[in-house]
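Peer 1: My structure is in model14.cif, and what it holds is mmCIF, C-alpha atoms:
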```cif
data_work
loop_
_atom_site.label_atom_id
_atom_site.label_comp_id
_atom_site.auth_asym_id
_atom_site.auth_seq_id
_atom_site.Cartn_x
_atom_site.Cartn_y
_atom_site.Cartn_z
CA MET A 1 -8.85 -20.70 2.02
CA SER A 2 -8.88 -23.37 4.74
CA GLU A 3 -6.46 -23.15 7.67
CA ASP A 4 -4.74 -26.39 6.64
CA HIS A 5 -4.27 -25.13 3.09
CA ALA A 6 -3.01 -21.74 4.26
CA ASN A 7 -0.38 -23.44 6.43
CA SER A 8 0.72 -25.90 3.73
CA ARG A 9 2.41 -23.37 1.44
CA ARG A 10 3.67 -19.84 1.26
CA HIS A 11 1.66 -17.05 -0.32
CA SER A 12 2.48 -16.90 -4.02
CA VAL A 13 3.35 -13.47 -5.43
CA VAL A 14 3.70 -13.36 -9.22
CA VAL A 15 5.17 -10.24 -10.83
CA LEU A 16 4.07 -10.01 -14.45
CA LEU A 17 6.69 -8.10 -16.44
CA VAL A 18 5.23 -6.17 -19.37
CA PRO A 19 7.92 -4.69 -21.67
CA PRO A 20 9.30 -2.17 -21.76
CA VAL A 21 9.12 -2.61 -18.00
CA VAL A 22 10.21 -0.02 -15.47
CA GLY A 23 13.17 -1.84 -13.97
CA PHE A 24 13.00 -0.19 -10.56
CA ASP A 25 9.33 -1.13 -10.18
CA ALA A 26 10.03 -4.73 -11.15
CA THR A 27 12.64 -5.17 -8.42
CA ILE A 28 10.47 -3.89 -5.57
CA PRO A 29 8.24 -6.98 -4.95
CA PRO A 30 11.11 -9.54 -4.90
CA LEU A 31 13.04 -7.36 -2.47
CA ILE A 32 10.21 -6.47 -0.11
CA PHE A 33 8.24 -9.73 -0.06
CA GLY A 34 11.43 -11.76 -0.21
CA GLN A 35 12.54 -10.35 3.13
CA ALA A 36 9.27 -11.08 4.97
CA THR A 37 9.73 -13.84 7.55
CA ASP A 38 7.97 -15.04 10.67
CA ASP A 39 9.59 -15.07 14.11
CA ALA A 40 11.28 -18.38 13.33
CA GLY A 41 12.88 -16.94 10.19
CA ARG A 42 10.62 -18.82 7.77
CA ARG A 43 9.81 -17.01 4.56
CA LEU A 44 6.20 -15.96 4.21
CA TYR A 45 6.04 -15.43 0.44
CA ASP A 46 7.27 -17.06 -2.75
CA VAL A 47 7.98 -14.42 -5.40
CA THR A 48 8.13 -15.29 -9.11
CA LEU A 49 8.90 -13.00 -12.04
CA ALA A 50 6.80 -14.02 -15.05
CA SER A 51 6.60 -12.91 -18.67
CA LEU A 52 4.76 -13.79 -21.84
CA GLY A 53 7.89 -15.05 -23.56
CA SER A 54 11.30 -16.53 -22.80
CA GLU A 55 13.51 -13.76 -24.16
CA PRO A 56 15.14 -11.09 -21.97
CA LEU A 57 12.73 -8.21 -21.49
CA PRO A 58 13.78 -4.64 -22.27
CA THR A 59 13.49 -2.12 -19.47
CA THR A 60 13.17 1.63 -19.58
CA SER A 61 16.66 1.92 -18.07
CA GLY A 62 18.67 0.23 -20.81
CA TYR A 63 19.17 -3.27 -19.41
CA GLY A 64 17.25 -6.50 -19.80
CA LEU A 65 15.43 -8.72 -17.31
CA VAL A 66 14.96 -12.46 -17.54
CA ALA A 67 11.79 -13.83 -15.94
CA ASP A 68 11.70 -16.93 -13.76
CA ALA A 69 8.58 -18.35 -15.33
CA GLY A 70 6.21 -18.15 -18.24
CA VAL A 71 2.71 -16.84 -18.39
CA GLY A 72 1.31 -20.02 -16.83
CA ALA A 73 2.42 -18.74 -13.43
CA VAL A 74 -0.27 -16.04 -13.54
CA SER A 75 -3.10 -18.50 -12.95
CA SER A 76 -1.52 -19.81 -9.73
CA ALA A 77 -0.85 -16.42 -8.14
CA ASP A 78 -2.33 -15.50 -4.78
CA THR A 79 -1.17 -11.95 -5.51
CA LEU A 80 -0.49 -10.72 -9.05
CA ILE A 81 1.57 -7.54 -9.42
CA VAL A 82 2.03 -5.58 -12.64
CA PRO A 83 4.92 -3.10 -12.33
CA GLY A 84 5.24 0.07 -14.38
CA THR A 85 5.51 -0.21 -18.14
CA ARG A 86 5.65 1.91 -21.27
CA LEU A 87 3.53 -0.53 -23.27
CA SER A 88 2.30 1.79 -26.00
CA THR A 89 -1.06 0.14 -26.67
CA ALA A 90 -2.09 0.46 -23.03
CA ARG A 91 -0.53 3.88 -22.43
CA ARG A 92 -1.79 5.54 -25.62
CA ASN A 93 -4.92 3.66 -26.64
CA GLY A 94 -6.12 1.87 -23.51
CA ARG A 95 -5.90 -1.53 -25.20
CA LEU A 96 -3.90 -4.71 -24.60
CA PRO A 97 -2.34 -7.22 -26.99
CA ASP A 98 -4.39 -10.42 -27.14
CA ASP A 99 -1.79 -12.56 -25.37
CA LEU A 100 -1.54 -10.16 -22.44
CA ALA A 101 -5.32 -9.84 -22.18
CA ASP A 102 -5.60 -13.64 -22.15
CA ALA A 103 -3.00 -13.87 -19.40
CA LEU A 104 -4.89 -11.45 -17.18
CA ARG A 105 -8.13 -13.35 -17.76
CA SER A 106 -6.42 -16.41 -16.31
CA VAL A 107 -6.04 -14.83 -12.87
CA ARG A 108 -7.83 -17.11 -10.44
CA PRO A 109 -10.93 -15.89 -8.58
CA GLY A 110 -10.04 -14.43 -5.21
CA ALA A 111 -6.49 -13.47 -6.16
CA ARG A 112 -5.22 -10.06 -5.09
CA ILE A 113 -4.44 -7.84 -8.10
CA VAL A 114 -1.91 -5.03 -7.77
CA SER A 115 -0.32 -2.36 -9.94
CA ILE A 116 2.79 -0.31 -9.33
CA CYS A 117 3.04 3.07 -11.05
CA THR A 118 1.98 2.87 -14.72
CA GLY A 119 1.18 -0.81 -14.38
CA ALA A 120 -2.25 0.64 -13.58
CA PHE A 121 -2.71 1.29 -17.31
CA VAL A 122 -2.45 -2.45 -17.97
CA LEU A 123 -4.95 -3.46 -15.29
CA ALA A 124 -7.33 -0.67 -16.30
CA ALA A 125 -7.13 -1.71 -19.96
CA ALA A 126 -8.11 -5.22 -18.85
CA GLY A 127 -11.18 -3.77 -17.11
CA LEU A 128 -9.96 -4.82 -13.68
CA PHE A 129 -10.24 -1.30 -12.25
CA ASP A 130 -13.70 -0.54 -13.65
CA GLY A 131 -15.88 0.98 -10.94
CA ARG A 132 -12.98 0.85 -8.47
CA ARG A 133 -10.65 3.39 -6.89
CA ALA A 134 -7.11 3.42 -8.23
CA THR A 135 -4.02 5.58 -8.49
CA THR A 136 -0.97 5.91 -10.71
CA HIS A 137 1.94 8.29 -11.16
CA TRP A 138 0.61 11.84 -10.94
CA ARG A 139 2.36 12.85 -14.17
CA TYR A 140 0.18 10.47 -16.19
CA ALA A 141 -3.11 11.08 -14.40
CA ASP A 142 -4.66 13.11 -17.22
CA ASP A 143 -3.89 10.40 -19.78
CA PHE A 144 -5.24 7.72 -17.47
CA ARG A 145 -8.45 9.60 -16.76
CA ARG A 146 -9.04 10.20 -20.48
CA LEU A 147 -8.49 6.53 -21.40
CA PHE A 148 -10.32 4.97 -18.46
CA PRO A 149 -13.27 7.14 -17.41
CA ARG A 150 -14.87 4.21 -15.55
CA VAL A 151 -12.04 4.17 -13.01
CA ASP A 152 -12.24 6.43 -9.95
CA LEU A 153 -8.70 7.82 -10.14
CA ASP A 154 -7.08 9.62 -7.21
CA GLU A 155 -3.58 10.79 -8.06
CA SER A 156 -3.08 12.57 -4.71
CA VAL A 157 -2.25 9.45 -2.68
CA LEU A 158 0.75 7.11 -2.41
CA PHE A 159 -1.42 4.01 -2.82
CA ILE A 160 -4.99 2.78 -2.66
CA ASP A 161 -6.16 -0.44 -1.04
CA ASP A 162 -9.56 -1.30 -2.50
CA GLY A 163 -9.76 -4.74 -0.97
CA ASP A 164 -8.65 -7.29 -3.59
CA VAL A 165 -7.52 -4.58 -6.04
CA LEU A 166 -4.63 -2.32 -5.03
CA SER A 167 -2.55 0.30 -6.83
CA SER A 168 0.40 2.53 -6.04
CA ALA A 169 1.66 5.84 -7.30
CA GLY A 170 4.96 6.17 -9.08
CA LEU A 171 8.19 4.30 -8.41
CA ALA A 172 9.07 4.32 -4.68
CA ALA A 173 5.38 4.33 -3.74
CA GLY A 174 5.50 0.67 -4.77
CA ILE A 175 7.63 0.07 -1.67
CA ASP A 176 4.95 1.70 0.48
CA LEU A 177 2.27 -0.50 -1.05
CA CYS A 178 4.23 -3.75 -0.67
CA LEU A 179 4.96 -2.95 2.98
CA HIS A 180 1.28 -2.19 3.46
CA MET A 181 0.31 -5.59 2.03
CA ILE A 182 2.75 -7.35 4.37
CA ARG A 183 1.34 -5.30 7.25
CA ARG A 184 -2.17 -6.29 6.24
CA ASP A 185 -1.26 -9.96 5.84
CA HIS A 186 1.06 -10.47 8.80
CA GLY A 187 0.95 -7.43 11.05
CA VAL A 188 3.03 -4.41 11.92
CA ALA A 189 6.02 -6.28 13.40
CA VAL A 190 6.76 -8.27 10.25
CA ALA A 191 6.42 -5.22 8.00
CA ASN A 192 8.66 -3.18 10.28
CA ARG A 193 11.37 -5.86 10.17
CA VAL A 194 11.31 -5.74 6.37
CA ALA A 195 11.47 -1.94 6.39
CA ARG A 196 14.45 -1.97 8.75
CA HIS A 197 16.29 -4.47 6.56
CA CYS A 198 15.69 -2.34 3.48
CA VAL A 199 16.57 0.86 5.37
CA VAL A 200 13.27 2.52 4.44
CA PRO A 201 10.55 3.99 6.67
CA PRO A 202 7.78 1.48 7.51
CA TRP A 203 5.34 4.13 6.36
CA ARG A 204 5.66 7.55 4.80
CA GLU A 205 3.61 10.55 5.71
CA GLY A 206 1.51 12.29 3.13
CA GLY A 207 0.62 11.39 -0.40
CA GLN A 208 1.53 12.17 -3.97
CA ALA A 209 0.10 15.64 -3.49
CA GLN A 210 3.41 16.73 -1.98
CA PHE A 211 5.30 15.71 -5.16
CA ILE A 212 3.00 17.14 -7.81
CA ASP A 213 4.70 19.89 -9.79
CA ARG A 214 2.76 23.02 -8.88
CA HIS A 215 3.38 26.40 -7.36
CA VAL A 216 3.49 26.57 -3.57
CA PRO A 217 4.01 29.99 -1.98
CA GLU A 218 7.46 30.29 -0.47
CA THR A 219 7.37 30.09 3.32
CA ASP A 220 9.52 28.96 6.20
CA ASP A 221 6.47 27.55 7.95
CA SER A 222 6.18 23.77 8.07
CA THR A 223 4.12 21.32 10.06
CA ALA A 224 6.90 18.70 10.13
CA ALA A 225 8.06 19.58 13.63
CA VAL A 226 4.50 19.46 14.91
CA ARG A 227 3.96 16.05 13.34
CA GLY A 228 7.07 14.79 15.10
CA TRP A 229 5.81 16.21 18.39
CA ALA A 230 2.39 14.65 17.88
CA MET A 231 3.92 11.23 17.25
CA SER A 232 5.55 11.40 20.69
CA ASN A 233 2.39 12.73 22.34
CA LEU A 234 -0.45 10.65 20.94
CA THR A 235 -2.37 10.81 24.22
CA ALA A 236 -2.36 14.62 24.26
CA ASN A 237 -5.05 16.92 22.90
CA LEU A 238 -4.27 16.79 19.17
CA SER A 239 -7.17 18.85 17.90
CA VAL A 240 -6.52 21.32 15.10
CA PRO A 241 -6.52 24.34 17.47
CA ALA A 242 -4.09 22.55 19.82
CA LEU A 243 -1.73 21.53 17.01
CA ALA A 244 -1.95 24.98 15.46
CA ALA A 245 -0.96 26.51 18.79
CA VAL A 246 2.14 24.29 18.95
CA ALA A 247 2.97 25.35 15.38
CA GLN A 248 2.29 29.00 16.23
CA MET A 249 -0.12 29.33 13.32
CA SER A 250 -3.79 30.10 13.05
CA PRO A 251 -5.94 26.94 12.81
CA ARG A 252 -6.91 27.84 9.25
CA THR A 253 -3.33 28.38 8.11
CA PHE A 254 -2.16 25.25 9.91
CA SER A 255 -4.84 23.07 8.32
CA ARG A 256 -4.07 24.41 4.86
CA ARG A 257 -0.31 23.91 5.27
CA PHE A 258 -0.79 20.46 6.84
CA ARG A 259 -2.89 19.23 3.93
CA ALA A 260 -0.46 20.68 1.38
CA GLU A 261 2.43 18.83 3.04
CA THR A 262 0.75 15.51 3.82
CA GLY A 263 -2.20 15.25 1.44
CA LYS A 264 -4.69 14.81 4.27
CA SER A 265 -6.39 16.64 7.12
CA PRO A 266 -4.80 16.86 10.58
CA GLY A 267 -7.64 14.83 12.08
CA ALA A 268 -7.27 11.97 9.60
CA TRP A 269 -3.50 11.91 10.07
CA VAL A 270 -3.76 11.82 13.87
CA LEU A 271 -6.32 9.02 13.78
CA GLU A 272 -4.10 6.91 11.52
CA ARG A 273 -1.09 7.34 13.80
CA ARG A 274 -3.16 6.42 16.87
CA VAL A 275 -4.62 3.30 15.25
CA ASP A 276 -1.17 2.23 14.08
CA HIS A 277 0.24 2.60 17.59
CA ALA A 278 -2.69 0.62 18.97
CA ARG A 279 -1.91 -2.19 16.51
CA GLU A 280 1.71 -2.26 17.65
CA LEU A 281 0.64 -2.44 21.31
CA LEU A 282 -1.79 -5.27 20.58
CA GLU A 283 0.89 -7.23 18.75
CA SER A 284 3.72 -6.73 21.19
CA GLY A 285 2.19 -7.17 24.62
CA ASP A 286 -0.68 -8.37 26.75
CA LEU A 287 -2.09 -5.01 27.79
CA SER A 288 -5.84 -4.87 28.22
CA VAL A 289 -7.89 -3.37 25.42
CA ASP A 290 -8.73 -0.45 27.70
CA ALA A 291 -5.02 0.19 28.34
CA VAL A 292 -4.17 -0.03 24.62
CA ALA A 293 -6.93 2.45 23.81
CA GLU A 294 -5.66 4.86 26.47
CA LEU A 295 -1.97 4.59 25.56
CA SER A 296 -2.63 5.03 21.85
CA GLY A 297 -4.70 8.16 22.39
CA LEU A 298 -7.95 6.60 21.20
CA GLY A 299 -9.43 7.02 24.67
CA THR A 300 -11.88 4.15 25.10
CA ALA A 301 -12.04 0.49 24.19
CA ASP A 302 -15.22 1.17 22.23
CA THR A 303 -13.41 3.73 20.07
CA LEU A 304 -10.56 1.30 19.46
CA ARG A 305 -13.00 -1.47 18.54
CA HIS A 306 -14.83 0.84 16.15
CA HIS A 307 -11.73 1.87 14.24
CA LEU A 308 -10.20 -1.61 14.06
CA ARG A 309 -13.46 -3.03 12.73
CA ARG A 310 -13.76 -0.24 10.19
CA GLU A 311 -10.15 -0.54 9.01
CA LEU A 312 -9.51 -4.28 9.36
CA GLY A 313 -12.85 -5.95 9.94
CA MET A 314 -11.81 -7.47 13.28
CA SER A 315 -11.97 -6.79 17.00
CA PRO A 316 -8.90 -5.94 19.11
CA SER A 317 -8.88 -9.43 20.63
CA ALA A 318 -9.13 -11.05 17.19
CA TYR A 319 -6.36 -8.81 15.90
CA ARG A 320 -4.11 -9.82 18.81
CA ARG A 321 -4.79 -13.53 18.25
CA THR A 322 -4.04 -13.16 14.56
CA PHE A 323 -0.92 -11.01 14.65
CA ALA A 324 0.71 -11.35 18.08
CA GLY A 325 4.17 -12.81 17.65
CA GLY A 326 4.49 -11.74 14.02
CA GLY A 327 2.55 -14.64 12.57
CA GLY A 328 -0.64 -13.88 10.73
CA PRO A 329 -2.68 -15.66 8.10
CA ASP A 330 -1.32 -16.72 4.74
CA VAL A 331 -3.93 -14.55 3.06
CA ALA A 332 -5.77 -11.73 4.80
CA PHE A 333 -7.89 -9.68 2.43
CA SER A 334 -9.63 -6.62 3.80
CA PRO A 335 -13.40 -7.16 4.01
CA THR A 336 -14.08 -3.54 3.16
CA SER A 337 -12.83 -1.14 0.54
CA HIS A 338 -10.80 1.75 1.90
CA LEU A 339 -7.99 4.12 1.10
CA GLY A 340 -4.60 2.74 2.01
CA ARG A 341 -3.99 4.08 5.51
CA TRP A 342 -0.35 4.93 4.90
CA GLY A 343 -0.97 7.14 1.90
#
```
Represent the structure from my file as structure tokens, please.

Peer 2:
Amino acid sequence: MSEDHANSRRHSVVVLLVPPVVGFDATIPPLIFGQATDDAGRRLYDVTLASLGSEPLPTTSGYGLVADAGVGAVSSADTLIVPGTRLSTARRNGRLPDDLADALRSVRPGARIVSICTGAFVLAAAGLFDGRRATTHWRYADDFRRLFPRVDLDESVLFIDDGDVLSSAGLAAGIDLCLHMIRRDHGVAVANRVARHCVVPPWREGGQAQFIDRHVPETDDSTAAVRGWAMSNLTANLSVPALAAVAQMSPRTFSRRFRAETGKSPGAWVLERRVDHARELLESGDLSVDAVAELSGLGTADTLRHHLRRELGMSPSAYRRTFAGGGGPDVAFSPTSHLGRWG
């Protein structure tokens, strides 16, 4: 997309409602993207609800939804989102009705394709997740894996960012994913403003693993207090032995408990928090790259450059030019496939 074209219009988000749609899922994108503005208060996204027909659509909660537009909106979407659905053909047989399959084939090349919760069944049935990483609500993971063996399913995370194909776990994880997309498109400051307006955390620790219904031995031990301490001490020694000492646990017990509570290793969690703080410092001030690396706990400018290039495909200076002041490009797709950093 050229710079002139990117500046001439807002990013188009189309939410394709597939009945019976999960009403909560369907309301997430209009709320989250609708609140995203630049520093001058200008909206950054246009959000459209679309459906295959003109009649009110049944939801799983007993009320109906009326879409803004017909199926023709799908072909103009910069980002297409399919919220959760109980569409029986997709959920039971892994197939789509012809009209829905045709609609998904009309998605323009280069568009970002997203599912929330069981909307993943629709995109997988269309073949859009083949050979890609994806997630869905943990309760339906076995059904999904049976129907779509070509998809690399990971039900332990809150969301997965696989470049131009993204998916979230159940229900509220859709909020996490939408905030992540805003963060990726326009930086931390814009996403944080949206989160504050919606009175939700800008990111949530852990993944779906913490919600899966399974036996966990009863214990009063938790790593929550240590995580809070680490967030305020990102420049300290945050190795597993050091964190375990703060928690008054053995390193082995601490690591096991940490992963059970957050869905990831202590080292991965610490790195994510340090990179996120570095992004905030780059956006909000004119500190040198060396100073940002030191204050974020990453140590050296080379380490900061390495992790920003791996996560975002850009250098610290390029990141600052792009996101300082809460601006950002109209479209900013990740050049590499990676697990969503916030889940």

Peer 1: Which residue, A:Pro20, A:Gly299, A:Tyr140, A:Ile116, has the smallest gap to Leu87 of chain A when you use only C-alpha atoms?

Peer 2: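 For Leu87 of chain A, the nearest of the candidates is A:Pro20.
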
Peer 1: Would you mind listing what lies within 9 Å of Thr85 of chain A as a list of chain:residue names, with all atoms listed in the file counted and same-chain residues fewer than 5 positions away left out?

Peer 2: A:Leu17, A:Val18, A:Pro19, A:Pro20, A:Val21, A:Val22, A:Gly23, A:Asp25, A:Thr59, A:Thr60, A:Arg91, A:Cys117, A:Thr118, A:Gly119, A:Phe121, A:Val122

Peer 1: Between A:Pro58, A:Gly297, A:Pro316, A:Pro241, which one has atoms that come closest to Glu272 of chain A, using only C-alpha atoms?

Peer 2: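 Smallest distance to Glu272 of chain A is found for A:Gly297.
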
Peer 1: Identify all residues satisfying the PyMOL selection byres ((chain A and resi 102) around 12) in the given file; provide them as an mmCIF file with C-alpha atoms, in the coordinates of the input.

Peer 2:
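After the write, expr-v3.cif holds the following:
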```cif
data_model
loop_
_atom_site.group_PDB
_atom_site.id
_atom_site.type_symbol
_atom_site.label_atom_id
_atom_site.label_comp_id
_atom_site.auth_asym_id
_atom_site.auth_seq_id
_atom_site.Cartn_x
_atom_site.Cartn_y
_atom_site.Cartn_z
ATOM 1 C CA LEU A 52 4.760 -13.790 -21.840
ATOM 2 C CA VAL A 71 2.710 -16.840 -18.390
ATOM 3 C CA GLY A 72 1.310 -20.020 -16.830
ATOM 4 C CA VAL A 74 -0.270 -16.040 -13.540
ATOM 5 C CA SER A 75 -3.100 -18.500 -12.950
ATOM 6 C CA LEU A 96 -3.900 -4.710 -24.600
ATOM 7 C CA PRO A 97 -2.340 -7.220 -26.990
ATOM 8 C CA ASP A 98 -4.390 -10.420 -27.140
ATOM 9 C CA ASP A 99 -1.790 -12.560 -25.370
ATOM 10 C CA LEU A 100 -1.540 -10.160 -22.440
ATOM 11 C CA ALA A 101 -5.320 -9.840 -22.180
ATOM 12 C CA ALA A 103 -3.000 -13.870 -19.400
ATOM 13 C CA LEU A 104 -4.890 -11.450 -17.180
ATOM 14 C CA ARG A 105 -8.130 -13.350 -17.760
ATOM 15 C CA SER A 106 -6.420 -16.410 -16.310
ATOM 16 C CA VAL A 107 -6.040 -14.830 -12.870
ATOM 17 C CA ALA A 126 -8.110 -5.220 -18.850
#
```

Peer 1: State, in Å with one decimal place, the distance from atom CA of Asn93 of chain A to atom CA of Leu153 of chain A.

Peer 2: 17.4 Å

Peer 1: Evaluate the PyMOL selection byres ((chain A and resi 137) around 7) and record the selected residues as a ChimeraX atom specification, following the chain and residue labels used in the document.

Peer 2: /A:117-118,136,138-141,155,169-170
